[in-house]
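Student: Data file structure_29.txt (compact mmCIF, C-alpha atoms and all ligand atoms) is appended below.
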```txt
# COMPACT_ATOMS: atom_id res chain seq x y z
CA MET A 2 -58.36 -4.24 152.92
CA LYS A 3 -57.98 -7.38 155.04
CA SER A 4 -58.06 -10.68 153.16
CA LEU A 5 -58.34 -12.62 156.44
CA GLU A 6 -59.63 -11.51 159.82
CA TRP A 7 -59.97 -13.48 163.05
CA LEU A 8 -63.19 -12.54 164.84
CA GLY A 9 -62.50 -14.31 168.14
CA SER A 10 -64.19 -17.61 167.32
CA LYS A 11 -64.81 -17.21 163.58
CA LEU A 12 -62.75 -16.45 160.47
CA ARG A 13 -63.78 -13.76 158.00
CA PHE A 14 -62.27 -13.87 154.53
CA ILE A 15 -62.85 -12.25 151.18
CA ASP A 16 -63.96 -14.64 148.42
CA GLN A 17 -61.27 -13.93 145.81
CA THR A 18 -63.08 -15.93 143.11
CA LYS A 19 -65.76 -13.21 143.01
CA LEU A 20 -63.36 -10.28 142.50
CA PRO A 21 -63.34 -7.77 140.97
CA ALA A 22 -67.07 -7.90 140.20
CA GLU A 23 -68.21 -8.43 143.78
CA GLU A 24 -66.53 -7.86 147.15
CA ILE A 25 -68.03 -10.69 149.18
CA TYR A 26 -66.86 -11.67 152.66
CA ILE A 27 -67.49 -15.08 154.18
CA VAL A 28 -67.67 -15.61 157.92
CA THR A 29 -67.25 -19.17 159.14
CA ASP A 30 -66.59 -21.25 162.25
CA ASP A 31 -66.00 -24.38 160.15
CA PHE A 32 -62.46 -25.46 159.17
CA ARG A 33 -63.98 -27.50 156.28
CA ILE A 34 -65.16 -24.29 154.65
CA VAL A 35 -61.64 -22.87 155.00
CA GLY A 36 -60.24 -26.04 153.33
CA ASP A 37 -62.76 -25.80 150.46
CA ALA A 38 -62.02 -22.08 150.03
CA ILE A 39 -58.31 -22.90 149.66
CA ARG A 40 -58.95 -25.68 147.13
CA LYS A 41 -61.02 -23.44 144.90
CA LEU A 42 -58.73 -20.40 145.38
CA SER A 43 -61.23 -18.23 147.25
CA ILE A 44 -58.26 -17.93 149.61
CA ARG A 45 -54.92 -18.02 147.78
CA GLY A 46 -51.35 -16.70 147.74
CA ALA A 47 -48.63 -18.48 149.74
CA PRO A 48 -48.56 -16.29 152.89
CA ALA A 49 -52.37 -16.06 153.05
CA LEU A 50 -52.55 -19.86 152.82
CA GLY A 51 -50.23 -20.13 155.83
CA VAL A 52 -52.41 -17.78 157.87
CA ALA A 53 -55.68 -19.37 156.71
CA VAL A 54 -54.74 -22.95 157.64
CA ALA A 55 -53.59 -21.79 161.09
CA TYR A 56 -57.01 -20.20 161.66
CA GLY A 57 -58.60 -23.35 160.17
CA ALA A 58 -56.84 -25.40 162.85
CA ALA A 59 -57.98 -22.86 165.48
CA LEU A 60 -61.60 -23.34 164.34
CA ALA A 61 -61.17 -27.12 164.56
CA ALA A 62 -59.72 -26.74 168.07
CA LEU A 63 -62.77 -24.75 169.18
CA GLU A 64 -65.13 -27.26 167.54
CA ASN A 65 -63.52 -30.11 169.48
CA SER A 66 -63.04 -28.33 172.80
CA ASN A 67 -65.45 -30.67 174.62
CA GLU A 68 -63.51 -33.82 173.67
CA ASN A 69 -61.16 -35.59 176.06
CA SER A 70 -57.41 -35.13 175.53
CA SER A 71 -56.77 -38.22 173.45
CA SER A 72 -59.79 -37.73 171.19
CA PHE A 73 -58.93 -34.00 170.81
CA LYS A 74 -55.39 -34.88 169.78
CA ASN A 75 -56.57 -37.48 167.25
CA LYS A 76 -59.15 -35.15 165.76
CA LEU A 77 -56.77 -32.20 165.49
CA THR A 78 -54.08 -34.41 163.98
CA SER A 79 -56.45 -35.50 161.22
CA VAL A 80 -57.60 -31.91 160.62
CA ILE A 81 -53.93 -30.90 160.20
CA ILE A 82 -53.44 -33.74 157.70
CA GLU A 83 -56.59 -32.67 155.85
CA LEU A 84 -55.54 -29.02 155.70
CA LYS A 85 -52.07 -30.05 154.49
CA SER A 86 -53.72 -31.82 151.54
CA THR A 87 -55.50 -28.71 150.23
CA ARG A 88 -52.65 -27.39 148.02
CA PRO A 89 -49.15 -28.87 147.62
CA THR A 90 -46.76 -26.15 146.41
CA ALA A 91 -46.76 -23.18 148.84
CA VAL A 92 -44.55 -24.15 151.77
CA ASN A 93 -46.18 -21.55 154.07
CA LEU A 94 -49.15 -23.85 154.51
CA PHE A 95 -46.96 -26.70 155.81
CA TRP A 96 -44.74 -24.36 157.83
CA SER A 97 -47.77 -22.97 159.59
CA LEU A 98 -49.40 -26.35 160.27
CA GLU A 99 -46.12 -27.71 161.64
CA ARG A 100 -46.13 -24.84 164.15
CA ILE A 101 -49.72 -25.69 165.15
CA ASN A 102 -48.79 -29.37 165.44
CA LYS A 103 -45.91 -28.50 167.76
CA VAL A 104 -48.26 -26.51 170.01
CA LEU A 105 -50.65 -29.47 170.06
CA ASP A 106 -47.82 -31.85 171.03
CA ILE A 107 -46.47 -29.59 173.79
CA PHE A 108 -49.70 -28.52 175.49
CA ILE A 109 -52.08 -31.48 175.19
CA ILE A 110 -50.68 -33.07 178.38
CA SER A 111 -51.83 -29.92 180.22
CA GLY A 112 -55.43 -30.33 179.06
CA VAL A 113 -57.72 -29.46 176.17
CA GLU A 114 -58.76 -26.01 177.37
CA LEU A 115 -55.19 -24.73 177.51
CA THR A 116 -54.32 -26.38 174.18
CA VAL A 117 -57.26 -24.71 172.43
CA ALA A 118 -56.16 -21.31 173.79
CA LYS A 119 -52.53 -21.94 172.73
CA ILE A 120 -53.54 -23.03 169.20
CA ILE A 121 -55.63 -19.89 168.76
CA ALA A 122 -52.76 -17.77 170.11
CA GLU A 123 -50.32 -19.46 167.69
CA ALA A 124 -52.62 -18.74 164.72
CA ILE A 125 -52.90 -15.08 165.78
CA ASP A 126 -49.09 -14.94 166.11
CA ILE A 127 -48.61 -16.45 162.64
CA HIS A 128 -50.92 -13.77 161.26
CA GLY A 129 -49.16 -10.97 163.19
CA GLU A 130 -45.76 -12.17 162.00
CA ASP A 131 -47.01 -12.20 158.41
CA ILE A 132 -48.17 -8.58 158.70
CA ALA A 133 -44.74 -7.60 160.07
CA MET A 134 -42.91 -9.57 157.35
CA CYS A 135 -44.93 -7.84 154.61
CA ASN A 136 -44.00 -4.44 156.05
CA ALA A 137 -40.31 -5.36 156.24
CA ILE A 138 -40.31 -6.73 152.66
CA GLY A 139 -41.81 -3.45 151.46
CA ILE A 140 -39.13 -1.39 153.21
CA ASN A 141 -36.20 -3.65 152.22
CA GLY A 142 -37.36 -3.98 148.61
CA ALA A 143 -38.18 -0.32 147.98
CA GLU A 144 -34.43 0.41 148.19
CA ILE A 145 -33.70 -1.35 144.89
CA VAL A 146 -36.50 0.47 143.04
CA PRO A 147 -35.16 3.43 141.02
CA GLN A 148 -36.74 6.91 141.43
CA ASP A 149 -38.52 6.43 138.08
CA ALA A 150 -39.38 2.81 137.46
CA THR A 151 -41.68 0.75 135.31
CA ILE A 152 -42.11 -2.59 137.01
CA LEU A 153 -43.50 -5.80 135.58
CA THR A 154 -45.19 -8.19 137.99
CA HIS A 155 -47.03 -11.48 137.73
CA CYS A 156 -49.96 -13.12 139.50
CA ASN A 157 -51.13 -11.39 142.69
CA THR A 158 -48.84 -10.65 145.61
CA GLY A 159 -50.83 -7.94 147.35
CA ALA A 160 -52.94 -7.77 150.49
CA LEU A 161 -55.19 -10.45 149.00
CA ALA A 162 -52.31 -12.93 148.86
CA THR A 163 -51.06 -12.35 152.40
CA GLY A 164 -52.22 -11.63 155.93
CA GLY A 165 -50.72 -8.14 155.59
CA ASP A 166 -50.05 -5.69 152.76
CA GLY A 167 -48.34 -8.05 150.33
CA THR A 168 -44.87 -9.09 149.21
CA ALA A 169 -43.70 -8.14 145.70
CA GLN A 170 -46.66 -5.79 145.45
CA ASN A 171 -45.79 -4.19 148.77
CA VAL A 172 -42.32 -3.38 147.39
CA ILE A 173 -44.10 -1.51 144.59
CA VAL A 174 -46.56 0.18 146.97
CA THR A 175 -43.84 1.18 149.46
CA ALA A 176 -41.71 2.66 146.67
CA HIS A 177 -44.76 4.57 145.39
CA LYS A 178 -45.61 5.86 148.88
CA SER A 179 -42.01 7.04 149.36
CA GLY A 180 -42.50 9.42 146.44
CA LYS A 181 -40.99 7.36 143.61
CA ASN A 182 -42.55 7.60 140.19
CA ILE A 183 -43.82 4.05 139.67
CA LYS A 184 -45.65 2.49 136.76
CA VAL A 185 -46.69 -1.15 136.76
CA TYR A 186 -47.38 -3.66 134.03
CA ALA A 187 -49.45 -6.55 135.39
CA GLY A 188 -49.51 -9.83 133.49
CA GLU A 189 -53.07 -11.15 133.40
CA THR A 190 -51.83 -14.56 134.70
CA ARG A 191 -53.55 -17.28 132.75
CA PRO A 192 -55.60 -19.30 133.38
CA LEU A 193 -57.22 -17.95 136.55
CA LEU A 194 -56.34 -14.30 135.89
CA GLN A 195 -55.02 -13.34 139.32
CA GLY A 196 -53.16 -10.45 137.63
CA ALA A 197 -56.20 -9.12 135.80
CA ARG A 198 -58.81 -9.77 138.46
CA LEU A 199 -56.81 -9.10 141.63
CA THR A 200 -53.57 -7.17 141.03
CA ALA A 201 -55.13 -4.63 138.67
CA TRP A 202 -58.01 -4.20 141.15
CA GLU A 203 -55.73 -3.73 144.16
CA LEU A 204 -53.30 -1.35 142.42
CA MET A 205 -56.09 0.79 141.03
CA LYS A 206 -57.62 1.07 144.50
CA LEU A 207 -54.19 2.17 145.78
CA GLY A 208 -53.92 4.84 143.08
CA ILE A 209 -50.93 3.22 141.34
CA ASP A 210 -50.55 3.54 137.57
CA VAL A 211 -51.19 -0.01 136.29
CA THR A 212 -51.45 -1.36 132.77
CA LEU A 213 -52.78 -4.85 132.14
CA ILE A 214 -51.06 -7.04 129.52
CA THR A 215 -51.46 -10.58 128.29
CA ASP A 216 -48.72 -12.81 129.73
CA SER A 217 -47.33 -13.33 126.24
CA ALA A 218 -46.77 -9.58 125.68
CA ALA A 219 -44.02 -9.37 128.33
CA ALA A 220 -41.03 -10.16 126.10
CA PHE A 221 -42.15 -7.61 123.51
CA LEU A 222 -42.37 -4.89 126.19
CA MET A 223 -38.88 -5.79 127.39
CA GLN A 224 -37.56 -5.64 123.83
CA GLN A 225 -39.00 -2.11 123.55
CA LYS A 226 -37.11 -1.16 126.76
CA LYS A 227 -40.37 -0.43 128.55
CA ILE A 228 -39.54 -2.51 131.67
CA ASP A 229 -36.89 -1.46 134.23
CA LEU A 230 -37.46 -4.20 136.75
CA VAL A 231 -39.39 -7.45 137.24
CA ILE A 232 -40.59 -8.37 140.74
CA THR A 233 -42.71 -11.42 141.52
CA GLY A 234 -43.60 -13.41 144.62
CA ALA A 235 -42.82 -17.03 145.48
CA ASP A 236 -44.61 -20.10 146.75
CA ARG A 237 -41.49 -21.97 147.81
CA ILE A 238 -37.78 -21.16 147.70
CA THR A 239 -35.12 -23.84 148.09
CA MET A 240 -31.81 -23.44 149.91
CA GLN A 241 -29.99 -23.12 146.57
CA GLY A 242 -32.39 -20.38 145.45
CA PHE A 243 -34.71 -22.26 143.10
CA VAL A 244 -38.10 -20.51 143.19
CA ALA A 245 -41.53 -22.02 142.63
CA ASN A 246 -44.07 -19.35 141.70
CA LYS A 247 -47.12 -18.94 139.49
CA VAL A 248 -46.62 -20.53 136.08
CA GLY A 249 -45.19 -17.93 133.72
CA THR A 250 -42.65 -16.61 136.23
CA TYR A 251 -39.85 -18.65 134.62
CA ASN A 252 -40.76 -17.21 131.19
CA LEU A 253 -40.35 -13.71 132.66
CA ALA A 254 -37.00 -14.58 134.26
CA VAL A 255 -35.61 -16.00 130.99
CA ASN A 256 -36.80 -12.97 129.07
CA ALA A 257 -35.46 -10.55 131.69
CA LYS A 258 -32.00 -12.19 131.48
CA MET A 259 -32.09 -12.00 127.69
CA HIS A 260 -32.86 -8.24 127.86
CA GLY A 261 -30.52 -7.40 130.78
CA ILE A 262 -33.40 -6.47 133.13
CA PRO A 263 -33.07 -7.12 136.90
CA PHE A 264 -35.39 -9.91 138.06
CA TYR A 265 -36.26 -9.98 141.77
CA ILE A 266 -38.29 -12.35 143.93
CA ALA A 267 -39.97 -10.94 147.06
CA ALA A 268 -41.13 -13.33 149.77
CA PRO A 269 -41.23 -13.75 153.53
CA THR A 270 -38.66 -16.06 155.12
CA SER A 271 -41.60 -18.40 155.86
CA THR A 272 -41.59 -19.17 152.10
CA ILE A 273 -38.01 -20.48 152.25
CA ASP A 274 -38.04 -24.24 152.63
CA THR A 275 -34.90 -24.93 154.64
CA LYS A 276 -35.41 -28.69 154.17
CA ILE A 277 -34.82 -28.81 150.43
CA GLU A 278 -32.01 -27.81 148.09
CA VAL A 279 -33.26 -27.84 144.50
CA GLY A 280 -36.38 -27.22 142.44
CA ASP A 281 -36.97 -30.87 141.54
CA GLU A 282 -37.91 -31.49 145.17
CA ILE A 283 -40.92 -29.16 144.94
CA ILE A 284 -44.32 -30.65 144.13
CA ILE A 285 -45.90 -28.59 141.38
CA GLU A 286 -49.66 -28.48 141.64
CA GLU A 287 -51.60 -29.49 138.54
CA ARG A 288 -55.02 -27.92 138.26
CA SER A 289 -58.20 -29.23 136.73
CA GLU A 290 -58.23 -29.21 132.93
CA ASN A 291 -61.41 -27.15 132.68
CA GLU A 292 -59.45 -24.13 133.99
CA ILE A 293 -57.80 -24.17 130.53
CA THR A 294 -60.47 -25.66 128.27
CA GLU A 295 -63.12 -23.24 129.50
CA TYR A 296 -63.11 -19.48 129.83
CA PHE A 297 -65.30 -18.65 132.82
CA GLY A 298 -67.76 -21.44 132.16
CA LYS A 299 -67.72 -21.26 128.35
CA ARG A 300 -65.93 -24.09 126.51
CA THR A 301 -63.06 -22.73 124.38
CA ALA A 302 -61.11 -25.89 123.47
CA PRO A 303 -62.22 -28.97 121.54
CA VAL A 304 -63.77 -31.71 123.66
CA GLY A 305 -61.21 -34.48 124.20
CA VAL A 306 -58.07 -32.34 123.77
CA LYS A 307 -55.20 -33.33 126.08
CA VAL A 308 -54.40 -30.72 128.73
CA TYR A 309 -51.43 -30.04 131.00
CA SER A 310 -52.22 -27.40 133.63
CA ALA A 311 -49.21 -26.73 135.87
CA ALA A 312 -50.14 -24.02 138.37
CA PHE A 313 -46.49 -23.14 139.12
CA ASP A 314 -43.05 -23.29 137.55
CA ILE A 315 -39.50 -23.27 138.85
CA THR A 316 -37.10 -20.41 138.19
CA PRO A 317 -33.44 -21.42 138.64
CA PRO A 318 -31.18 -19.26 140.84
CA ASP A 319 -28.93 -18.06 138.02
CA LEU A 320 -31.83 -16.00 136.63
CA ILE A 321 -32.60 -14.26 139.93
CA THR A 322 -30.92 -10.92 140.71
CA GLY A 323 -31.94 -10.97 144.38
CA ILE A 324 -34.45 -12.42 146.84
CA ILE A 325 -36.11 -9.65 148.84
CA THR A 326 -37.22 -10.89 152.27
CA ASP A 327 -38.27 -9.48 155.62
CA ARG A 328 -34.70 -10.02 156.90
CA LYS A 329 -32.69 -8.59 154.01
CA ILE A 330 -32.15 -8.90 150.28
CA PHE A 331 -30.34 -12.17 149.69
CA LEU A 332 -27.90 -12.12 146.79
CA PRO A 333 -26.34 -14.92 144.74
CA PRO A 334 -24.81 -17.39 145.26
CA TYR A 335 -27.91 -18.34 147.26
CA SER A 336 -26.40 -21.61 148.51
CA ASN A 337 -24.08 -19.34 150.55
CA SER A 338 -26.34 -16.41 151.40
CA LEU A 339 -29.45 -18.42 152.36
CA SER A 340 -27.45 -20.84 154.53
CA VAL A 341 -27.83 -18.44 157.52
CA LEU A 342 -31.49 -19.51 157.66
CA LYS A 343 -30.72 -23.19 158.39
O1 LIG B 1 -52.40 -20.11 142.67
P1 LIG B 1 -52.17 -18.90 143.54
O2 LIG B 1 -53.01 -17.74 143.14
O3 LIG B 1 -52.28 -19.23 145.01
O4 LIG B 1 -50.66 -18.51 143.24
C1 LIG B 1 -50.11 -17.44 143.95
C2 LIG B 1 -48.74 -17.08 143.50
O5 LIG B 1 -48.14 -17.72 142.69
C3 LIG B 1 -48.10 -15.91 144.20
O6 LIG B 1 -47.19 -15.28 143.36
C4 LIG B 1 -47.33 -16.42 145.45
O7 LIG B 1 -48.14 -17.25 146.23
C5 LIG B 1 -46.85 -15.30 146.27
S1 LIG B 1 -48.17 -14.43 147.05
C6 LIG B 1 -47.50 -13.22 148.01
```
As structure tokens - that is how I would like this structure written.
Ligand code: MRU
Tutor:
Amino acid sequence: MKSLEWLGSKLRFIDQTKLPAEEIYIVTDDFRIVGDAIRKLSIRGAPALGVAVAYGAALAALENSNENSSSFKNKLTSVIIELKSTRPTAVNLFWSLERINKVLDIFIISGVELTVAKIIAEAIDIHGEDIAMCNAIGINGAEIVPQDATILTHCNTGALATGGDGTAQNVIVTAHKSGKNIKVYAGETRPLLQGARLTAWELMKLGIDVTLITDSAAAFLMQQKKIDLVITGADRITMQGFVANKVGTYNLAVNAKMHGIPFYIAAPTSTIDTKIEVGDEIIIEERSENEITEYFGKRTAPVGVKVYSAAFDITPPDLITGIITDRKIFLPPYSNSLSVLK
């Protein structure tokens, strides 16, 4: 299953808000539709966001290909700013748009036609690199998975969340494909249920034994010694190893430490923000309050109640056993091990 596919001059993507009930694909040549899809989480997951905004910029480049150089540059610059404003936490989105911006800066003096071609080529490269990084994460991570393992995961880190086959989920899938006996507990991931709607759907399609739990059941399962390993993804990792990921990840890390269970993060190196050191520097997205006060359109909380809806949380490095990446598994102290990426 491909969450994102470049069709030459259009982008095709699966509308993740409709899953698992309906598998609907949207084909567009309009970067605004890509931006809206990101805002409402039709496209989501840090690596997929990076790929999607690159293709969004490619669509904008094609749309403006009849402009003169200076107007093309101005228009593309504002599209990049607009796409950067869609979601604040996943660094992949900014990493990707900075690459597109660099291409724009380098090639615009050689004319619009060449710049359009180079922007499209860069977006295709970003996508290709993401596919390769997912494969490498799967291979590197599968090594730490025991022959018989029950793994707890959170949110969705599969093919839907990336341009390839996933990050944390691809560790699970690669271990399963290598003949290991894998069982998965998937936290439903309140409030938008990426675990229930997306991870359970993907793992079932892949023939992997998956059991859905409420997020709040995780500690009880750990206490009963039913979890061997926790693996989640990341939206942004700092140079000291602080990890922003879907809210609830920190709860799992604290509980894993308490119960002596290894807690791993799996992410491509494009998710490591080499510009920042600690978690406080990461902007945590706050979502609209109706994502908590309503349950799929039906009001479930009293009108007027105060709401705080953080979409992500920060897990500190001392709770993380290892960071599985496409390059290698980075081990603590992360301020030393990650410094090779600077
Ligand atoms: O709000 P979302 O669904 O975009 O959040 C996604 C996550 O938190 C994922 O765990 C993370 O992006 C890694 S996806 C490989």
Student: Check the smallest atom-to-atom distance from each of A:Thr294, A:Lys299, A:Leu320, A:Ile34 to Met259 in chain A using all atoms listed in the file, then report the winner.
Tutor: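 Once distances to Met259 in chain A are computed over all atoms listed in the file, the minimum belongs to A:Leu320.
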Student: Which residues, written as a ChimeraX atom specification, have at least one atom at most 10 Å from range 202-207 of chain A, with only C-alpha atoms counted and residues fewer than 6 positions away on the same chain left out?
Tutor: /A:2,20-22,157-161,170,173-174,177-178,185,187,195-196
Student: Between A:Ser71, A:Ser43, A:Ser10, A:Thr233, which residue has the minimum interatomic distance to Thr200 in chain A, considering only C-alpha atoms?
Tutor: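 Going through A:Ser71, A:Ser43, A:Ser10, A:Thr233 one by one, the smallest distance to Thr200 in chain A is for A:Thr233.
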Student: Give as a short mmCIF file (atom, residue, chain, number, x, y, z; two decimals) with C-alpha atoms, in the frame of the given file the residues surrounding ligand LIG 1 (chain B) up to a distance of 6 Å, considering all atoms listed in the file.
Tutor:
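Output file result-v3.cif follows:
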```
data_model
loop_
_atom_site.label_atom_id
_atom_site.label_comp_id
_atom_site.auth_asym_id
_atom_site.auth_seq_id
_atom_site.Cartn_x
_atom_site.Cartn_y
_atom_site.Cartn_z
CA ARG A 45 -54.92 -18.02 147.78
CA GLY A 46 -51.35 -16.70 147.74
CA ALA A 47 -48.63 -18.48 149.74
CA PRO A 48 -48.56 -16.29 152.89
CA CYS A 156 -49.96 -13.12 139.50
CA ASN A 157 -51.13 -11.39 142.69
CA THR A 158 -48.84 -10.65 145.61
CA ALA A 162 -52.31 -12.93 148.86
CA THR A 163 -51.06 -12.35 152.40
CA GLY A 167 -48.34 -8.05 150.33
CA THR A 168 -44.87 -9.09 149.21
CA GLY A 234 -43.60 -13.41 144.62
CA ALA A 235 -42.82 -17.03 145.48
CA ASP A 236 -44.61 -20.10 146.75
CA ASN A 246 -44.07 -19.35 141.70
CA LYS A 247 -47.12 -18.94 139.49
#
```
Student: Measuring between only C-alpha atoms, which one of A:Ser289, A:Ala220, A:Ile315, A:Ile145 shows the shortest distance to Lys329 in chain A?
Tutor: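 Result for the nearest residue to Lys329 in chain A: A:Ile145.
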Student: For Thr250 in chain A, which residue among A:Leu199, A:Ile321, A:Ile132, A:Ile273 is the nearest when counting all atoms listed in the file?
Tutor: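 Looking only at the distances to Thr250 in chain A, the closest residue turns out to be A:Ile321.
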Student: Point out the residue among A:Lys226, A:Lys119, A:Arg40, A:Lys181 with the least atom-to-atom distance to Glu144 in chain A, counting only C-alpha atoms.
Tutor: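 Under the stated criterion, the closest residue is A:Lys181.
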Student: Considering all atoms listed in the file, state which residue in the set A:Ile127, A:Leu50, A:Ile324, A:Met240 is at the smallest distance from Val341 in chain A.
Tutor: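 Comparing A:Ile127, A:Leu50, A:Ile324, A:Met240 against Val341 in chain A, the winner is A:Met240.
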Student: Please write as a ChimeraX atom specification the list of polymer residues whose atoms come within 8 Å of (-46.8, -26.1, 138.6), counting only C-alpha atoms and keeping to the coordinates of the file.
Tutor: /A:90,245-248,284-287,310-315
Student: Can I get the selection written as a PDB file, in the coordinates of the input, with C-alpha atoms?
Tutor:
```pdb
ATOM      1  CA  THR A  90     -46.760 -26.150 146.410  1.00  0.00           C
ATOM      2  CA  ALA A 245     -41.530 -22.020 142.630  1.00  0.00           C
ATOM      3  CA  ASN A 246     -44.070 -19.350 141.700  1.00  0.00           C
ATOM      4  CA  LYS A 247     -47.120 -18.940 139.490  1.00  0.00           C
ATOM      5  CA  VAL A 248     -46.620 -20.530 136.080  1.00  0.00           C
ATOM      6  CA  ILE A 284     -44.320 -30.650 144.130  1.00  0.00           C
ATOM      7  CA  ILE A 285     -45.900 -28.590 141.380  1.00  0.00           C
ATOM      8  CA  GLU A 286     -49.660 -28.480 141.640  1.00  0.00           C
ATOM      9  CA  GLU A 287     -51.600 -29.490 138.540  1.00  0.00           C
ATOM     10  CA  SER A 310     -52.220 -27.400 133.630  1.00  0.00           C
ATOM     11  CA  ALA A 311     -49.210 -26.730 135.870  1.00  0.00           C
ATOM     12  CA  ALA A 312     -50.140 -24.020 138.370  1.00  0.00           C
ATOM     13  CA  PHE A 313     -46.490 -23.140 139.120  1.00  0.00           C
ATOM     14  CA  ASP A 314     -43.050 -23.290 137.550  1.00  0.00           C
ATOM     15  CA  ILE A 315     -39.500 -23.270 138.850  1.00  0.00           C
TER      16      ILE A 315
END
```
Student: Leaving out range 335-340 of chain A and any residue of its chain fewer than 6 positions from it, which residues lie within 9 Å of it when counting all atoms listed in the file, given as a list of chain:residue names?
Tutor: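 Everything that qualifies: A:Thr239, A:Met240, A:Gln241, A:Gly242, A:Phe243, A:Ile273, A:Thr275, A:Glu278, A:Pro318, A:Gly323, A:Ile324.
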Student: How many Å separate CA of Asp166 in chain A from CA of Glu6 in chain A?
Tutor: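 Calculated distance between CA of Asp166 in chain A and CA of Glu6 in chain A is 13.2 Å.
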Student: Tell me, in Å to one decimal, how far CA of Gln17 in chain A is from CA of Ile209 in chain A.
Tutor: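 If I compute the distance from CA of Gln17 in chain A to CA of Ile209 in chain A, I get 20.5 Å.
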Student: What's around range 78-86 of chain A at 8 Å? Count only C-alpha atoms, leave out sequence neighbours fewer than 2 positions away in its own chain, and write the answer as a list in words.
Tutor: Gly36, Val54, Gly57, Ala58, Ala61, Lys74, Asn75, Lys76, Arg88, Pro89, Leu94, Phe95, Leu98 and Asn102 of chain A
Student: Which distance in Å separates CA of Ile232 in chain A and CA of Ile152 in chain A, to one decimal?
Tutor: 7.0 Å
